[in-house]
$ cat entry.txt   # compact mmCIF, C-alpha atoms
# COMPACT_ATOMS: atom_id res chain seq x y z
CA ILE S 1 0.00 0.00 0.00
CA ILE S 2 2.93 2.37 0.61
CA PRO S 3 4.01 2.40 -3.09
CA ALA S 4 0.42 3.11 -4.15
CA ILE S 5 0.15 6.07 -1.78
CA ALA S 6 3.53 7.45 -2.81
CA THR S 7 2.88 7.24 -6.56
CA THR S 8 -0.63 8.67 -6.36
CA THR S 9 0.49 11.48 -4.10
CA ALA S 10 3.41 12.31 -6.38
CA MET S 11 1.17 12.37 -9.45
CA VAL S 12 -1.49 14.58 -7.85
CA THR S 13 1.16 16.92 -6.45
CA GLY S 14 2.71 17.26 -9.91
CA LEU S 15 -0.64 18.02 -11.58
CA VAL S 16 -1.56 20.59 -8.92
CA GLY S 17 1.88 22.16 -9.21
CA CYS S 18 1.43 22.61 -12.96
CA GLU S 19 -1.89 24.38 -12.43
CA LEU S 20 -0.44 26.60 -9.69
CA LEU S 21 2.31 27.75 -12.05
CA LYS S 22 -0.41 28.84 -14.47
CA ILE S 23 -2.07 30.89 -11.73
CA LEU S 24 1.18 32.81 -11.16
CA ASP S 25 0.98 33.90 -14.81
CA LEU S 26 -2.76 34.62 -14.59
CA LYS S 27 -2.71 37.91 -16.52
CA THR S 28 -2.06 36.19 -19.83
CA ARG S 29 -4.16 33.08 -19.16
CA LYS S 30 -7.68 32.19 -20.26
CA VAL S 31 -9.92 29.58 -18.67
CA GLU S 32 -9.09 27.24 -21.59
CA ASP S 33 -5.44 27.13 -20.46
CA PHE S 34 -6.37 25.33 -17.24
CA LYS S 35 -7.14 21.62 -17.01
CA ASN S 36 -9.28 19.32 -14.91
CA ALA S 37 -7.58 15.97 -14.38
CA PHE S 38 -8.99 12.53 -13.73
CA ALA S 39 -6.32 9.91 -13.25
CA THR S 40 -6.34 6.33 -12.08
CA LEU S 41 -3.06 4.47 -11.87
CA ALA S 42 -4.77 1.08 -11.66
CA LEU S 43 -5.78 1.10 -15.34
CA PRO S 44 -3.51 3.34 -16.26
CA LEU S 45 -5.88 6.12 -17.33
CA TRP S 46 -5.25 9.85 -17.50
CA VAL S 47 -8.00 12.15 -18.74
CA LEU S 48 -7.46 15.91 -18.95
CA SER S 49 -10.31 18.23 -19.84
CA GLU S 50 -10.81 21.96 -20.14
CA PRO S 51 -13.04 23.57 -17.50
CA MET S 52 -16.06 25.50 -18.70
CA PRO S 53 -16.44 29.20 -17.91
CA PRO S 54 -19.22 29.97 -15.41
CA LEU S 55 -22.76 30.28 -16.70
CA LYS S 56 -23.91 33.84 -17.29
CA THR S 57 -27.24 35.06 -15.93
CA VAL S 58 -29.11 37.04 -18.59
CA SER S 59 -32.50 38.69 -18.84
CA LYS S 60 -35.30 36.56 -20.29
CA ASP S 61 -38.70 37.42 -21.74
CA PHE S 62 -40.07 34.19 -20.26
CA ASP S 63 -38.50 32.14 -17.49
CA PRO S 64 -40.13 28.71 -16.98
CA ILE S 65 -39.52 28.78 -13.22
CA VAL S 66 -40.93 32.26 -12.61
CA GLN S 67 -43.52 31.87 -15.37
CA GLY S 68 -42.79 35.38 -16.61
CA PRO S 69 -40.07 37.86 -17.52
CA VAL S 70 -36.86 38.12 -15.48
CA LYS S 71 -34.19 40.83 -15.57
CA ALA S 72 -30.52 40.31 -14.73
CA LYS S 73 -28.82 43.23 -12.97
CA PRO S 74 -26.07 43.59 -14.07
CA GLU S 75 -26.65 41.83 -17.38
CA GLY S 76 -24.46 38.74 -17.83
CA PHE S 77 -23.23 38.24 -14.26
CA SER S 78 -21.97 34.83 -13.13
CA SER S 79 -21.93 32.88 -9.88
CA TRP S 80 -18.39 34.17 -9.35
CA ASP S 81 -19.60 37.80 -9.21
CA LYS S 82 -20.52 39.42 -5.89
CA ILE S 83 -21.94 42.77 -4.85
CA LEU S 84 -19.92 44.25 -1.98
CA ILE S 85 -21.84 46.41 0.49
CA ASP S 86 -19.49 47.96 3.03
CA LYS S 87 -21.73 50.18 5.17
CA GLY S 88 -20.66 48.89 8.55
CA ASP S 89 -23.22 47.35 10.89
CA CYS S 90 -26.21 49.24 9.46
CA THR S 91 -29.91 48.67 9.97
CA LEU S 92 -31.90 46.44 7.66
CA GLY S 93 -33.78 49.52 6.41
CA ASP S 94 -30.49 51.20 5.41
CA PHE S 95 -29.40 47.98 3.68
CA VAL S 96 -32.68 47.75 1.72
CA ASP S 97 -32.46 51.47 0.82
CA CYS S 98 -28.88 50.96 -0.41
CA LEU S 99 -30.02 48.19 -2.76
CA GLN S 100 -32.85 50.35 -4.06
CA ASP S 101 -30.72 53.47 -4.55
CA ASP S 102 -27.57 51.83 -5.94
CA HIS S 103 -29.05 48.91 -7.91
CA GLY S 104 -32.67 49.92 -8.60
CA VAL S 105 -34.25 46.87 -6.96
CA GLU S 106 -36.98 46.46 -4.35
CA VAL S 107 -36.12 43.73 -1.88
CA VAL S 108 -38.72 40.99 -1.48
CA ILE S 109 -36.76 38.40 0.56
CA LEU S 110 -33.32 38.50 2.21
CA SER S 111 -31.73 35.27 3.40
CA VAL S 112 -28.40 34.09 4.77
CA GLY S 113 -28.13 30.34 4.25
CA ASN S 114 -31.32 28.84 5.72
CA ALA S 115 -32.10 31.94 7.79
CA CYS S 116 -34.70 34.30 6.33
CA LEU S 117 -33.80 37.77 7.61
CA TYR S 118 -36.60 39.65 5.87
CA ASN S 119 -39.74 38.87 3.89
CA SER S 120 -41.69 41.90 2.63
CA PHE S 121 -44.90 39.85 2.49
CA LEU S 122 -44.90 39.25 6.26
CA PRO S 123 -46.18 42.25 8.28
CA ALA S 124 -44.24 41.05 11.35
CA HIS S 125 -40.96 41.52 9.47
CA ARG S 126 -41.54 45.26 8.92
CA LYS S 127 -40.34 46.00 12.48
CA ARG S 128 -36.99 44.39 11.54
CA LEU S 129 -36.23 47.33 9.23
CA LYS S 130 -35.15 49.37 12.28
CA GLU S 131 -32.86 46.63 13.68
CA LYS S 132 -29.23 46.00 12.76
CA VAL S 133 -28.68 43.21 10.20
CA THR S 134 -26.28 41.35 12.50
CA LYS S 135 -28.79 41.41 15.39
CA ILE S 136 -31.51 40.00 13.14
CA TRP S 137 -29.11 37.23 12.05
CA GLU S 138 -28.32 36.41 15.70
CA ASP S 139 -32.04 36.39 16.61
CA VAL S 140 -33.07 34.20 13.67
CA THR S 141 -30.21 31.69 13.96
CA LYS S 142 -30.22 31.75 17.78
CA GLN S 143 -26.43 31.92 17.94
CA PRO S 144 -23.99 34.75 18.60
CA MET S 145 -22.05 36.33 15.77
CA PRO S 146 -18.54 34.79 15.76
CA PRO S 147 -15.98 37.47 16.71
CA LYS S 148 -13.77 36.72 13.68
CA LYS S 149 -16.64 36.90 11.18
CA SER S 150 -16.57 40.17 9.26
CA TYR S 151 -19.21 39.67 6.56
CA LEU S 152 -22.47 37.87 5.73
CA THR S 153 -23.23 36.27 2.38
CA ILE S 154 -26.77 37.40 1.58
CA GLU S 155 -29.05 36.08 -1.16
CA VAL S 156 -31.74 38.49 -2.35
CA SER S 157 -35.04 37.94 -4.07
CA ALA S 158 -35.97 41.26 -5.65
CA SER S 159 -38.13 43.06 -8.18
CA ASP S 160 -37.40 46.02 -10.43
CA ALA S 161 -38.18 49.34 -8.74
CA GLU S 162 -39.62 50.77 -11.98
CA ASP S 163 -41.87 48.06 -13.42
CA GLY S 164 -42.06 45.30 -10.78
CA THR S 165 -40.41 42.64 -12.94
CA ASP S 166 -38.54 39.92 -11.03
CA VAL S 167 -34.81 40.65 -10.87
CA MET S 168 -31.83 38.33 -10.43
CA ILE S 169 -28.80 39.95 -8.79
CA PRO S 170 -25.47 38.48 -7.70
CA THR S 171 -24.90 37.27 -4.16
CA ILE S 172 -24.24 40.13 -1.77
CA GLN S 173 -21.23 40.23 0.51
CA PHE S 174 -22.35 42.46 3.40
CA LYS S 175 -19.24 43.65 5.24
CA PHE S 176 -20.16 44.80 8.74
CA ARG S 177 -16.69 44.96 10.39
$ encode --input "entry.txt" --output "structure tokens"
Amino acid sequence: IIPAIATTTAMVTGLVGCELLKILDLKTRKVEDFKNAFATLALPLWVLSEPMPPLKTVSKDFDPIVQGPVKAKPEGFSSWDKILIDKGDCTLGDFVDCLQDDHGVEVVILSVGNACLYNSFLPAHRKRLKEKVTKIWEDVTKQPMPPKKSYLTIEVSASDAEDGTDVMIPTIQFKFR
């Protein structure tokens, strides 16, 4: 078993090393220059493939899930894109106003993981607009905010402020420290 571990480890380390060297020269590289590797020494089989670029989110006249039109703001964003909101530990109302002013969207639902911080359809959630986002997170999850945590990753369900069309926006990184 020792030779099998040593050879596999050496092969994987070599493949990872090759890809890391490409990252050092990232300015001149495209996604096609990188490789995904599947290797099994038992057969011997080595398969290298090119990774695909991330899918782009675009506006649609008809989305089968929503059963209507959907806008992408900004047009063509991917899962790698994030919106950074660095307003400190602000209230939920300030956060919602920031999204409306800067991105032109009305917030319908805000969630962090499984925790729903705000739902505009629930009258009880309107009082949360005056509370700090971190306090709402602590109340909903029933756990204290870790001292080393400096941001929350927030998913937003929103509609266009002008015409009410559903809007898809990138994940929000809310920096509060």
$ closest_residue --input "entry.txt" --among "S:Ser157, S:Thr134, S:Ser150, S:Thr7" --to "Leu99 in chain S" --atoms "all atoms listed in the file"
S:Ser157
$ residues_around --input "entry.txt" --residues "Ser79 in chain S" --least-positions-apart "4" --cutoff "12 Å" --atoms "only C-alpha atoms" --output "PDB file with C-alpha atoms, keeping the file's coordinate frame"
ATOM      1  CA  PRO S  53     -16.440  29.200 -17.910  1.00  0.00           C
ATOM      2  CA  PRO S  54     -19.220  29.970 -15.410  1.00  0.00           C
ATOM      3  CA  LEU S  55     -22.760  30.280 -16.700  1.00  0.00           C
ATOM      4  CA  LYS S  56     -23.910  33.840 -17.290  1.00  0.00           C
ATOM      5  CA  THR S  57     -27.240  35.060 -15.930  1.00  0.00           C
ATOM      6  CA  ILE S  83     -21.940  42.770  -4.850  1.00  0.00           C
ATOM      7  CA  GLU S 155     -29.050  36.080  -1.160  1.00  0.00           C
ATOM      8  CA  MET S 168     -31.830  38.330 -10.430  1.00  0.00           C
ATOM      9  CA  ILE S 169     -28.800  39.950  -8.790  1.00  0.00           C
ATOM     10  CA  PRO S 170     -25.470  38.480  -7.700  1.00  0.00           C
ATOM     11  CA  THR S 171     -24.900  37.270  -4.160  1.00  0.00           C
ATOM     12  CA  ILE S 172     -24.240  40.130  -1.770  1.00  0.00           C
TER      13      ILE S 172
END
$ residues_around --input "entry.txt" --residues "Gln67 in chain S" --least-positions-apart "4" --cutoff "12 Å" --atoms "only C-alpha atoms" --output "PyMOL selection string"
chain S and resi 60-63+165-166
$ closest_residue --input "entry.txt" --among "S:Ile65, S:Leu15, S:Leu122, S:Val133" --to "Ala39 in chain S" --atoms "all atoms listed in the file"
S:Leu15
$ atom_distance --input "entry.txt" --atom1 "CA of Gly113 in chain S" --atom2 "CA of Val66 in chain S"
21.3 Å
$ residues_around --input "entry.txt" --residues "Ala161 in chain S" --least-positions-apart "6" --cutoff "12 Å" --atoms "all atoms listed in the file" --output "PyMOL selection string"
chain S and resi 71+73+96-97+99-108+167
$ closest_residue --input "entry.txt" --among "S:Ala124, S:Leu84, S:Leu21, S:Ala10" --to "Leu152 in chain S" --atoms "all atoms listed in the file"
S:Leu84
$ residues_around --input "entry.txt" --residues "Val31 in chain S" --least-positions-apart "6" --cutoff "9 Å" --atoms "only C-alpha atoms" --output "number ranges by chain"
S: 50-53
$ closest_residue --input "entry.txt" --among "S:Trp46, S:Glu75, S:Thr28, S:Ala115" --to "Gln143 in chain S" --atoms "only C-alpha atoms"
S:Ala115
$ atom_distance --input "entry.txt" --atom1 "CA of Pro144 in chain S" --atom2 "CA of Leu92 in chain S"
17.9 Å
$ residues_around --input "entry.txt" --residues "Asp89 in chain S" --least-positions-apart "2" --cutoff "10 Å" --atoms "all atoms listed in the file" --output "list in words"
Asp86, Lys87, Thr91, Leu92, Asp94, Phe95, Lys132, Val133, Thr134, Lys135, Ser150, Tyr151, Phe174, Lys175, Phe176 and Arg177 of chain S
$ residues_near_point --input "entry.txt" --point "(-32.8, 51.5, 11.0)" --cutoff "6 Å" --atoms "all atoms listed in the file" --output "PyMOL selection string"
chain S and resi 91+93+129-131
$ atom_distance --input "entry.txt" --atom1 "CA of Gly164 in chain S" --atom2 "CA of Gly88 in chain S"
29.1 Å
$ axis_aligned_box --input "entry.txt" --around "range 18-21 of chain S" --padding-each-side "8 Å" --output "lines of an AutoDock Vina configuration file"
center_x = 0.2
center_y = 25.2
center_z = -11.3
size_x = 20.2
size_y = 21.1
size_z = 19.3
